[in-house]
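**Q** Pasting model_31.txt below, which is compact mmCIF, C-alpha atoms.
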```txt
# COMPACT_ATOMS: atom_id res chain seq x y z
CA MET N 183 -12.44 18.18 -2.76
CA ASP N 184 -15.31 15.77 -2.36
CA ASP N 185 -17.74 17.96 -4.22
CA LYS N 186 -18.09 15.29 -6.88
CA SER N 187 -21.07 13.12 -6.15
CA VAL N 188 -19.37 9.74 -6.51
CA PRO N 189 -18.39 8.21 -3.15
CA ASN N 190 -14.69 7.98 -2.42
CA ILE N 191 -14.91 4.23 -1.94
CA VAL N 192 -16.30 3.80 -5.46
CA VAL N 193 -13.51 5.94 -6.90
CA GLY N 194 -11.08 3.70 -5.02
CA ARG N 195 -12.29 0.60 -6.86
CA LEU N 196 -12.01 2.07 -10.36
CA PRO N 197 -8.19 1.73 -10.55
CA LEU N 198 -8.62 -1.94 -9.67
CA TYR N 199 -11.09 -2.41 -12.52
CA LEU N 200 -8.76 -0.57 -14.88
CA ARG N 201 -5.75 -2.66 -13.88
CA THR N 202 -7.67 -5.89 -14.40
CA LEU N 203 -9.00 -4.79 -17.78
CA GLN N 204 -5.50 -3.84 -18.93
CA LEU N 205 -4.18 -7.25 -17.89
CA MET N 206 -7.04 -8.98 -19.72
CA PHE N 207 -6.25 -6.99 -22.83
CA GLN N 208 -2.60 -8.07 -22.59
CA GLU N 209 -3.86 -11.66 -22.38
CA GLY N 210 -5.55 -11.12 -25.73
CA ARG N 211 -9.05 -10.81 -24.34
CA ARG N 212 -11.39 -8.29 -25.96
CA VAL N 213 -14.73 -8.71 -24.12
CA THR N 214 -15.53 -9.35 -20.47
CA SER N 215 -18.44 -9.29 -18.05
CA SER N 216 -19.10 -7.95 -14.58
CA GLN N 217 -19.21 -11.60 -13.46
CA GLU N 218 -15.73 -12.31 -14.75
CA LEU N 219 -14.28 -9.06 -13.41
CA GLY N 220 -15.88 -9.83 -10.08
CA GLU N 221 -14.37 -13.30 -9.92
CA ARG N 222 -10.91 -11.95 -10.61
CA LEU N 223 -11.26 -9.28 -7.97
CA GLY N 224 -13.34 -10.92 -5.29
CA ILE N 225 -16.01 -8.24 -5.73
CA SER N 226 -19.64 -9.01 -6.58
CA ALA N 227 -20.79 -8.51 -10.17
CA ALA N 228 -23.65 -6.38 -8.85
CA GLN N 229 -21.21 -4.08 -7.08
CA ILE N 230 -19.15 -3.63 -10.23
CA ARG N 231 -22.22 -2.85 -12.34
CA LYS N 232 -23.41 -0.39 -9.72
CA ASP N 233 -20.01 1.31 -9.51
CA LEU N 234 -19.71 1.68 -13.28
CA SER N 235 -23.29 2.87 -13.67
CA GLN N 236 -22.35 6.00 -11.74
CA PHE N 237 -20.38 7.11 -14.78
CA GLY N 238 -22.50 5.95 -17.71
CA GLU N 239 -23.63 2.95 -19.71
CA PHE N 240 -20.54 0.96 -20.68
CA GLY N 241 -21.88 -2.50 -21.43
CA LYS N 242 -24.70 -4.00 -23.42
CA GLN N 243 -27.12 -6.41 -21.82
CA GLY N 244 -26.06 -9.91 -22.85
CA THR N 245 -22.85 -8.97 -24.66
CA GLY N 246 -20.81 -7.65 -21.72
CA TYR N 247 -18.14 -4.98 -21.83
CA SER N 248 -15.71 -4.18 -24.61
CA ILE N 249 -12.41 -4.27 -22.74
CA ASP N 250 -10.85 -1.68 -25.01
CA PHE N 251 -13.75 0.74 -24.71
CA LEU N 252 -14.18 0.35 -20.93
CA THR N 253 -10.42 0.75 -20.46
CA ASP N 254 -10.51 4.03 -22.37
CA GLN N 255 -13.48 5.24 -20.39
CA LEU N 256 -11.89 4.43 -17.04
CA ARG N 257 -8.61 6.06 -18.07
CA SER N 258 -10.56 9.15 -18.95
CA ILE N 259 -12.60 9.12 -15.73
CA LEU N 260 -9.46 8.68 -13.61
CA HIS N 261 -7.59 11.30 -15.69
CA VAL N 262 -4.84 8.85 -16.61
CA ASN N 263 -5.45 9.23 -20.33
CA LYS N 264 -2.47 11.57 -19.96
CA VAL N 265 0.88 11.09 -18.24
CA TRP N 266 1.37 12.82 -14.89
CA ASP N 267 4.79 13.99 -13.76
CA VAL N 268 5.76 12.79 -10.31
CA ALA N 269 8.47 13.84 -7.85
CA VAL N 270 10.06 11.40 -5.40
CA VAL N 271 11.34 12.88 -2.15
CA GLY N 272 13.74 10.87 -0.01
CA ILE N 273 15.95 8.55 -2.00
CA GLY N 274 16.68 5.78 0.48
CA ASP N 275 15.94 2.17 -0.45
CA VAL N 276 12.24 2.82 -0.95
CA GLY N 277 12.73 6.00 -2.96
CA HIS N 278 15.36 4.26 -5.01
CA ALA N 279 12.99 1.39 -5.79
CA LEU N 280 10.26 3.87 -6.74
CA ALA N 281 12.62 5.80 -9.01
CA ARG N 282 13.47 2.60 -10.86
CA TYR N 283 9.99 1.01 -10.78
CA GLN N 284 8.88 -0.06 -14.23
CA GLY N 285 5.22 -0.33 -13.31
CA PHE N 286 4.30 3.33 -13.78
CA SER N 287 4.56 3.43 -17.56
CA ASN N 288 1.29 2.91 -19.38
CA ARG N 289 -0.60 3.53 -16.18
CA GLY N 290 -0.45 7.31 -16.28
CA PHE N 291 2.68 8.34 -14.40
CA ARG N 292 6.33 9.09 -14.91
CA ILE N 293 8.90 10.16 -12.42
CA VAL N 294 10.64 13.39 -13.36
CA LEU N 295 12.30 14.71 -10.22
CA LEU N 296 14.20 13.12 -7.32
CA PHE N 297 15.16 14.95 -4.12
CA ASP N 298 17.20 14.17 -1.04
CA ASN N 299 18.98 16.22 1.62
CA ASN N 300 22.00 13.94 1.95
CA PRO N 301 25.07 15.68 0.44
CA GLN N 302 26.52 12.28 -0.47
CA LYS N 303 23.46 11.50 -2.60
CA ILE N 304 22.86 14.90 -4.19
CA GLY N 305 24.22 14.93 -7.72
CA THR N 306 24.37 11.15 -8.01
CA HIS N 307 22.23 9.27 -10.50
CA VAL N 308 19.42 6.77 -10.23
CA GLY N 309 18.83 5.47 -13.71
CA GLU N 310 18.43 8.52 -15.93
CA PHE N 311 17.75 10.90 -13.05
CA THR N 312 20.02 13.05 -10.94
CA ILE N 313 19.19 13.40 -7.27
CA GLN N 314 18.59 17.08 -6.55
CA ASP N 315 19.10 19.04 -3.36
CA LEU N 316 16.00 19.12 -1.19
CA SER N 317 16.63 22.82 -0.58
CA THR N 318 15.79 23.47 -4.25
CA MET N 319 12.66 21.34 -4.19
CA VAL N 320 9.99 23.99 -3.77
CA SER N 321 11.21 26.11 -6.65
CA GLN N 322 11.86 23.16 -8.94
CA ILE N 323 8.50 21.50 -8.34
CA ARG N 324 6.74 24.82 -8.72
CA SER N 325 8.43 25.73 -11.98
CA ALA N 326 7.90 22.24 -13.39
CA GLY N 327 4.24 22.37 -12.36
CA VAL N 328 4.42 18.94 -10.72
CA GLN N 329 1.25 18.15 -8.79
CA ILE N 330 2.05 14.65 -7.49
CA ALA N 331 4.77 13.53 -5.09
CA MET N 332 5.81 10.28 -3.47
CA LEU N 333 7.21 10.79 -0.01
CA SER N 334 9.79 8.31 1.27
CA VAL N 335 11.60 10.29 3.93
CA PRO N 336 12.12 9.29 7.58
CA VAL N 337 9.14 9.60 9.91
CA ASP N 338 10.55 12.62 11.73
CA GLN N 339 10.88 14.59 8.48
CA ALA N 340 7.58 13.61 6.88
CA GLN N 341 5.46 16.55 8.08
CA LEU N 342 8.15 19.12 7.37
CA VAL N 343 8.66 17.89 3.82
CA THR N 344 4.91 17.64 3.35
CA ASN N 345 4.59 21.32 4.23
CA LEU N 346 7.20 22.14 1.59
CA LEU N 347 5.40 20.01 -1.00
CA VAL N 348 2.17 21.85 -0.28
CA GLU N 349 3.99 25.17 -0.56
CA ALA N 350 5.32 24.02 -3.94
CA GLY N 351 1.80 23.40 -5.22
CA VAL N 352 1.64 19.60 -4.92
CA LYS N 353 -1.96 18.37 -4.70
CA SER N 354 -1.51 14.60 -4.26
CA ILE N 355 0.96 12.90 -1.94
CA LEU N 356 1.63 9.19 -1.72
CA ASN N 357 3.23 8.84 1.70
CA TYR N 358 5.53 5.88 2.41
CA ALA N 359 6.64 7.23 5.80
CA PRO N 360 4.71 5.30 8.46
CA ILE N 361 3.06 8.33 10.02
CA ASN N 362 -0.11 10.30 9.37
CA ILE N 363 0.53 13.72 7.90
CA SER N 364 -1.61 16.85 7.91
CA VAL N 365 -2.42 18.71 4.72
CA PRO N 366 -4.74 21.63 3.97
CA ILE N 367 -8.07 21.15 2.22
CA GLY N 368 -7.47 20.69 -1.47
CA VAL N 369 -4.51 18.35 -1.00
CA ARG N 370 -4.94 14.57 -0.92
CA VAL N 371 -2.81 11.97 0.81
CA GLN N 372 -2.69 8.22 0.30
CA TYR N 373 -0.58 5.93 2.48
CA ILE N 374 1.55 2.87 1.91
CA ASP N 375 2.84 1.08 5.01
CA PRO N 376 3.47 -2.64 4.60
CA VAL N 377 3.30 -3.24 8.35
CA LEU N 378 -0.33 -2.12 8.47
CA HIS N 379 -1.16 -4.82 5.91
CA LEU N 380 0.88 -7.46 7.71
CA GLN N 381 -0.71 -6.73 11.08
CA ARG N 382 -4.12 -6.90 9.50
CA MET N 383 -3.30 -10.49 8.54
CA THR N 384 -1.60 -11.62 11.76
CA TYR N 385 -4.85 -10.88 13.56
CA TYR N 386 -6.14 -14.04 11.88
CA LEU N 387 -3.00 -16.12 12.56
CA GLU N 388 -2.36 -18.07 15.75
CA MET P 1405 -11.27 -17.27 8.17
CA ASP P 1406 -13.86 -14.70 9.04
CA ASP P 1407 -15.37 -16.78 11.81
CA LYS P 1408 -14.32 -14.12 14.29
CA SER P 1409 -17.16 -11.73 14.91
CA VAL P 1410 -15.25 -8.49 14.40
CA PRO P 1411 -15.72 -6.98 10.93
CA ASN P 1412 -12.69 -6.98 8.67
CA ILE P 1413 -12.84 -3.22 8.28
CA VAL P 1414 -12.53 -2.75 12.05
CA VAL P 1415 -9.54 -5.10 12.16
CA GLY P 1416 -8.02 -3.01 9.38
CA ARG P 1417 -8.11 0.13 11.53
CA LEU P 1418 -6.44 -1.41 14.58
CA PRO P 1419 -2.90 -1.32 13.08
CA LEU P 1420 -3.41 2.38 12.42
CA TYR P 1421 -4.36 2.98 16.05
CA LEU P 1422 -1.37 0.93 17.20
CA ARG P 1423 1.04 2.83 14.94
CA THR P 1424 -0.23 6.17 16.21
CA LEU P 1425 -0.03 5.11 19.86
CA GLN P 1426 3.54 3.91 19.38
CA LEU P 1427 4.50 7.24 17.82
CA MET P 1428 2.83 9.13 20.68
CA PHE P 1429 4.78 7.02 23.16
CA GLN P 1430 8.01 7.87 21.38
CA GLU P 1431 7.04 11.52 21.66
CA GLY P 1432 6.96 11.03 25.43
CA ARG P 1433 3.18 10.99 25.71
CA ARG P 1434 1.60 8.63 28.22
CA VAL P 1435 -2.16 9.31 28.00
CA THR P 1436 -4.42 10.05 25.06
CA SER P 1437 -8.09 10.22 24.14
CA SER P 1438 -10.27 8.99 21.31
CA GLN P 1439 -10.61 12.66 20.30
CA GLU P 1440 -6.88 13.11 19.93
CA LEU P 1441 -6.37 9.79 18.15
CA GLY P 1442 -9.21 10.73 15.84
CA GLU P 1443 -7.69 14.10 14.99
CA ARG P 1444 -4.36 12.51 14.12
CA LEU P 1445 -6.01 9.91 11.93
CA GLY P 1446 -8.95 11.73 10.40
CA ILE P 1447 -11.33 9.24 12.01
CA SER P 1448 -14.17 10.24 14.33
CA ALA P 1449 -13.67 9.74 18.06
CA ALA P 1450 -16.95 7.83 18.17
CA GLN P 1451 -15.69 5.40 15.52
CA ILE P 1452 -12.51 4.77 17.49
CA ARG P 1453 -14.40 4.16 20.73
CA LYS P 1454 -16.78 1.82 18.93
CA ASP P 1455 -13.94 -0.10 17.28
CA LEU P 1456 -12.06 -0.54 20.55
CA SER P 1457 -15.18 -1.50 22.47
CA GLN P 1458 -15.39 -4.66 20.37
CA PHE P 1459 -12.37 -5.94 22.27
CA GLY P 1460 -12.94 -4.69 25.81
CA GLU P 1461 -12.86 -1.65 28.05
CA PHE P 1462 -9.53 0.10 27.57
CA GLY P 1463 -10.16 3.63 28.78
CA LYS P 1464 -11.72 5.29 31.76
CA GLN P 1465 -14.44 7.89 31.40
CA GLY P 1466 -12.81 11.27 31.79
CA THR P 1467 -9.20 10.09 32.00
CA GLY P 1468 -8.73 8.68 28.51
CA TYR P 1469 -6.48 5.84 27.47
CA SER P 1470 -3.14 4.84 28.95
CA ILE P 1471 -0.98 4.74 25.81
CA ASP P 1472 1.23 2.01 27.22
CA PHE P 1473 -1.67 -0.21 28.22
CA LEU P 1474 -3.67 0.27 25.03
CA THR P 1475 -0.52 -0.38 22.95
CA ASP P 1476 0.01 -3.67 24.76
CA GLN P 1477 -3.62 -4.64 24.29
CA LEU P 1478 -3.58 -3.89 20.57
CA ARG P 1479 -0.29 -5.74 20.09
CA SER P 1480 -1.87 -8.72 21.78
CA ILE P 1481 -5.11 -8.50 19.77
CA LEU P 1482 -3.17 -8.24 16.49
CA HIS P 1483 -0.77 -11.00 17.59
CA VAL P 1484 2.26 -8.76 17.19
CA ASN P 1485 3.31 -9.18 20.82
CA LYS P 1486 5.65 -11.70 19.22
CA VAL P 1487 7.96 -11.42 16.22
CA TRP P 1488 6.83 -13.12 13.01
CA ASP P 1489 9.33 -14.50 10.54
CA VAL P 1490 8.77 -13.30 6.97
CA ALA P 1491 10.08 -14.50 3.61
CA VAL P 1492 10.62 -12.13 0.67
CA VAL P 1493 10.25 -13.65 -2.78
CA GLY P 1494 11.60 -11.77 -5.79
CA ILE P 1495 14.63 -9.62 -4.98
CA GLY P 1496 14.37 -6.87 -7.59
CA ASP P 1497 14.37 -3.25 -6.48
CA VAL P 1498 11.21 -3.65 -4.42
CA GLY P 1499 12.30 -6.90 -2.78
CA HIS P 1500 15.68 -5.36 -2.08
CA ALA P 1501 14.08 -2.36 -0.41
CA LEU P 1502 11.87 -4.66 1.67
CA ALA P 1503 14.84 -6.78 2.73
CA ARG P 1504 16.61 -3.67 3.97
CA TYR P 1505 13.57 -1.86 5.37
CA GLN P 1506 14.16 -0.78 8.97
CA GLY P 1507 10.49 -0.26 9.71
CA PHE P 1508 9.61 -3.85 10.59
CA SER P 1509 11.48 -4.01 13.88
CA ASN P 1510 9.37 -3.30 16.95
CA ARG P 1511 6.24 -3.74 14.89
CA GLY P 1512 6.16 -7.54 14.97
CA PHE P 1513 8.10 -8.73 11.93
CA ARG P 1514 11.56 -9.73 10.84
CA ILE P 1515 12.70 -10.94 7.47
CA VAL P 1516 14.44 -14.29 7.64
CA LEU P 1517 14.49 -15.68 4.08
CA LEU P 1518 15.04 -14.16 0.62
CA PHE P 1519 14.39 -16.00 -2.64
CA ASP P 1520 14.94 -15.31 -6.31
CA ASN P 1521 15.24 -17.44 -9.45
CA ASN P 1522 17.97 -15.35 -11.08
CA PRO P 1523 21.26 -17.32 -11.03
CA GLN P 1524 23.18 -14.04 -10.89
CA LYS P 1525 21.41 -13.10 -7.67
CA ILE P 1526 21.33 -16.47 -5.91
CA GLY P 1527 24.11 -16.67 -3.33
CA THR P 1528 24.60 -12.91 -3.18
CA HIS P 1529 23.90 -10.94 -0.05
CA VAL P 1530 21.43 -8.23 0.90
CA GLY P 1531 22.50 -6.96 4.28
CA GLU P 1532 22.90 -10.01 6.49
CA PHE P 1533 20.87 -12.30 4.23
CA THR P 1534 21.85 -14.56 1.37
CA ILE P 1535 19.48 -14.78 -1.57
CA GLN P 1536 18.37 -18.41 -1.90
CA ASP P 1537 17.33 -20.35 -4.96
CA LEU P 1538 13.58 -20.17 -5.58
CA SER P 1539 13.63 -23.90 -6.34
CA THR P 1540 14.43 -24.56 -2.67
CA MET P 1541 11.74 -22.20 -1.39
CA VAL P 1542 8.98 -24.67 -0.58
CA SER P 1543 11.17 -26.93 1.51
CA GLN P 1544 12.94 -24.05 3.26
CA ILE P 1545 9.79 -22.17 4.15
CA ARG P 1546 8.14 -25.36 5.31
CA SER P 1547 11.02 -26.44 7.52
CA ALA P 1548 11.38 -22.93 8.97
CA GLY P 1549 7.64 -22.80 9.63
CA VAL P 1550 7.35 -19.37 8.03
CA GLN P 1551 3.70 -18.32 7.64
CA ILE P 1552 4.09 -14.87 6.09
CA ALA P 1553 5.58 -13.90 2.72
CA MET P 1554 6.03 -10.70 0.76
CA LEU P 1555 5.75 -11.24 -2.96
CA SER P 1556 7.68 -8.91 -5.25
CA VAL P 1557 8.02 -10.99 -8.42
CA PRO P 1558 6.98 -9.95 -11.95
CA VAL P 1559 3.26 -10.03 -12.74
CA ASP P 1560 3.53 -13.10 -14.95
CA GLN P 1561 5.10 -15.14 -12.15
CA ALA P 1562 2.91 -13.97 -9.30
CA GLN P 1563 0.28 -16.72 -9.40
CA LEU P 1564 2.82 -19.51 -9.89
CA VAL P 1565 4.92 -18.36 -6.93
CA THR P 1566 1.75 -17.86 -4.87
CA ASN P 1567 0.84 -21.50 -5.48
CA LEU P 1568 4.27 -22.54 -4.21
CA LEU P 1569 3.93 -20.34 -1.14
CA VAL P 1570 0.58 -21.93 -0.35
CA GLU P 1571 2.11 -25.38 -0.84
CA ALA P 1572 4.85 -24.37 1.61
CA GLY P 1573 2.29 -23.53 4.27
CA VAL P 1574 2.28 -19.74 4.01
CA LYS P 1575 -0.96 -18.26 5.35
CA SER P 1576 -0.50 -14.54 4.72
CA ILE P 1577 0.83 -12.96 1.53
CA LEU P 1578 1.58 -9.29 0.99
CA ASN P 1579 1.56 -9.00 -2.80
CA TYR P 1580 3.52 -6.19 -4.48
CA ALA P 1581 2.95 -7.55 -7.98
CA PRO P 1582 0.20 -5.46 -9.58
CA ILE P 1583 -2.16 -8.36 -10.23
CA ASN P 1584 -4.86 -10.10 -8.23
CA ILE P 1585 -3.87 -13.60 -7.13
CA SER P 1586 -6.01 -16.57 -6.17
CA VAL P 1587 -5.50 -18.41 -2.91
CA PRO P 1588 -7.45 -21.18 -1.19
CA ILE P 1589 -9.65 -20.50 1.81
CA GLY P 1590 -7.48 -20.16 4.88
CA VAL P 1591 -4.88 -18.00 3.15
CA ARG P 1592 -5.04 -14.21 3.20
CA VAL P 1593 -3.69 -11.72 0.68
CA GLN P 1594 -3.10 -8.00 1.02
CA TYR P 1595 -1.99 -5.82 -1.87
CA ILE P 1596 0.37 -2.92 -2.35
CA ASP P 1597 0.30 -1.19 -5.73
CA PRO P 1598 1.30 2.48 -5.70
CA VAL P 1599 -0.45 3.14 -9.01
CA LEU P 1600 -3.84 2.29 -7.52
CA HIS P 1601 -3.28 4.99 -4.91
CA LEU P 1602 -2.05 7.51 -7.45
CA GLN P 1603 -5.00 6.94 -9.79
CA ARG P 1604 -7.35 7.31 -6.87
CA MET P 1605 -5.95 10.81 -6.43
CA THR P 1606 -5.74 11.89 -10.08
CA TYR P 1607 -9.50 11.39 -10.30
CA TYR P 1608 -9.71 14.60 -8.28
CA LEU P 1609 -7.05 16.47 -10.27
CA GLU P 1610 -7.72 18.43 -13.43
```
Go ahead and express the file in the form of structure tokens.
**A**
Amino acid sequence: MDDKSVPNIVVGRLPLYLRTLQLMFQEGRRVTSSQELGERLGISAAQIRKDLSQFGEFGKQGTGYSIDFLTDQLRSILHVNKVWDVAVVGIGDVGHALARYQGFSNRGFRIVLLFDNNPQKIGTHVGEFTIQDLSTMVSQIRSAGVQIAMLSVPVDQAQLVTNLLVEAGVKSILNYAPINISVPIGVRVQYIDPVLHLQRMTYYLE
Amino acid sequence: MDDKSVPNIVVGRLPLYLRTLQLMFQEGRRVTSSQELGERLGISAAQIRKDLSQFGEFGKQGTGYSIDFLTDQLRSILHVNKVWDVAVVGIGDVGHALARYQGFSNRGFRIVLLFDNNPQKIGTHVGEFTIQDLSTMVSQIRSAGVQIAMLSVPVDQAQLVTNLLVEAGVKSILNYAPINISVPIGVRVQYIDPVLHLQRMTYYLE
């Protein structure tokens, strides 16, 4: 998985650069600099230049970066110059919010499948989608060729459902259940747990 | 803010250790080791021992860590041996999910105030809470002494609402709006943007 030579931590900053460039473009801006990007992000200009230099020469000395061009390059590097289909598993409040979230469009993702195991939810609609039976998940994800899933099931079901996602061919899991999950080599997991972020801040509060 | 000697990145791992210990305790476990914690988290045992050693001696050579004791110590270090009141600002789908999220209890947080500026939402209920008018936010947060807020407003309102939160005395903001916000020294921000995590994974997909 990590056979590419660019460190993981550098890859992790690229989406932040892309997001900021896209916002600048929406503001009507067309050119920026590593200094300005750095100020918006709280990252040093030198770090940004170093990160980007791993992928090529994107700016000209003295004239900065073309926002449009650098945006295209980053979208290409991150493989979000296409739209990825995503499945959401577990349609409680969090899954529901994800299914309706407007922030995926134009950033490379669209939700195409929703699953739950609650008979009272199966067959009901969230926006344009119908919640499907979890028992059909493996075959549906496999036949749709979906490689990305967001997991918002209860903690005690997270590993079990993860195993099914892996069986279905999913390669990237964004896990909202507050528990670490195990996946085989070749599958990536990212985590979202608001409490981890909150506790990281209360350390500094009295 | 960073006058404490422990690096930020170490502080960031402590909530992960705490979460894992609490899960182990629920599983009926009473003793663990840095090796076992490390395996669950994908972090080296040496790193865990080094992180914990910044705060004291919590384990005995050969017998490992008492889960109960280490949990208490970490809760104390992270200041979540009390319950912090939290305000949620912006009650769209994400804010709604946060207001109803069951995962805060026993981890140091409870939501006490909800705000929105939509007249159709103000006065309506989410669970046991009434959505309050954003125009009353500063005075209500100030008089309640709330120091922590979760921000789930649209991107174009995020900085404005942040400024109000700072004015109200909030010291820690968990920002769900996909934009970087500016805060004065003494205020901390953490970010949650699922797209950043997804893009970090698509880099490795074909």
**Q** I need the residue nearest Leu198 of chain N from this list: P:Gly1573, P:Ile1471, P:Met1605, P:Val1599. Use only C-alpha atoms for the distance.
**A** P:Val1599
**Q** Taking all atoms listed in the file into account, report as a PyMOL selection string which residues of chain P lie within 6 Å of chain N.
**A** chain P and resi 1416+1419+1482-1483+1497-1498+1501+1600+1604+1606-1607
**Q** Using atom CA of Leu295 of chain N and atom CA of Ile313 of chain N as the two end points, give the distance in Å to one decimal.
**A**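 Atom CA of Leu295 of chain N sits 7.6 Å away from atom CA of Ile313 of chain N.
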**Q** Of the residues P:Gln1506, P:Asp1560, P:Arg1546, P:Gln1451, which is the one nearest to Gln208 of chain N, using only C-alpha atoms?
**A**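 Comparing P:Gln1506, P:Asp1560, P:Arg1546, P:Gln1451 against Gln208 of chain N, the winner is P:Asp1560.
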**Q** List the spatial neighbours of Phe1462 of chain P as a list in words - criterion: any atom at most 8 Å away, all atoms listed in the file, same-chain residues fewer than 3 positions off excluded.
**A**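 Within the cut-off, the hits are Leu1456, Ser1457, Tyr1469, Phe1473 and Leu1474 of chain P.
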**Q** Distance atom CA of Val1530 of chain P-atom CA of Asp1489 of chain P, one decimal place?
**A**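 About the pair atom CA of Val1530 of chain P and atom CA of Asp1489 of chain P: they are 16.7 Å apart.
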**Q** One decimal, Å: what's the distance from atom CA of Gln1465 of chain P over to atom CA of Glu1440 of chain P, could you say?
**A**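 Atom CA of Glu1440 of chain P lies at a distance of 14.7 Å from atom CA of Gln1465 of chain P.
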**Q** Segment 243-255 of chain N from the block above, C-alpha atoms, as a PDB file, in the first residue's frame, please?
**A**
```pdb
ATOM      1  CA  GLN N 243       9.358  31.866  -8.970  1.00  0.00           C
ATOM      2  CA  GLY N 244       7.906  35.311  -8.289  1.00  0.00           C
ATOM      3  CA  THR N 245       4.487  34.748  -9.854  1.00  0.00           C
ATOM      4  CA  GLY N 246       3.099  32.105  -7.481  1.00  0.00           C
ATOM      5  CA  TYR N 247       0.634  29.372  -8.311  1.00  0.00           C
ATOM      6  CA  SER N 248      -2.207  29.432 -10.807  1.00  0.00           C
ATOM      7  CA  ILE N 249      -5.105  28.330  -8.621  1.00  0.00           C
ATOM      8  CA  ASP N 250      -6.887  26.678 -11.522  1.00  0.00           C
ATOM      9  CA  PHE N 251      -3.831  24.744 -12.660  1.00  0.00           C
ATOM     10  CA  LEU N 252      -2.750  23.652  -9.165  1.00  0.00           C
ATOM     11  CA  THR N 253      -6.326  22.593  -8.383  1.00  0.00           C
ATOM     12  CA  ASP N 254      -6.375  20.393 -11.480  1.00  0.00           C
ATOM     13  CA  GLN N 255      -3.016  18.904 -10.614  1.00  0.00           C
TER      14      GLN N 255
END
```
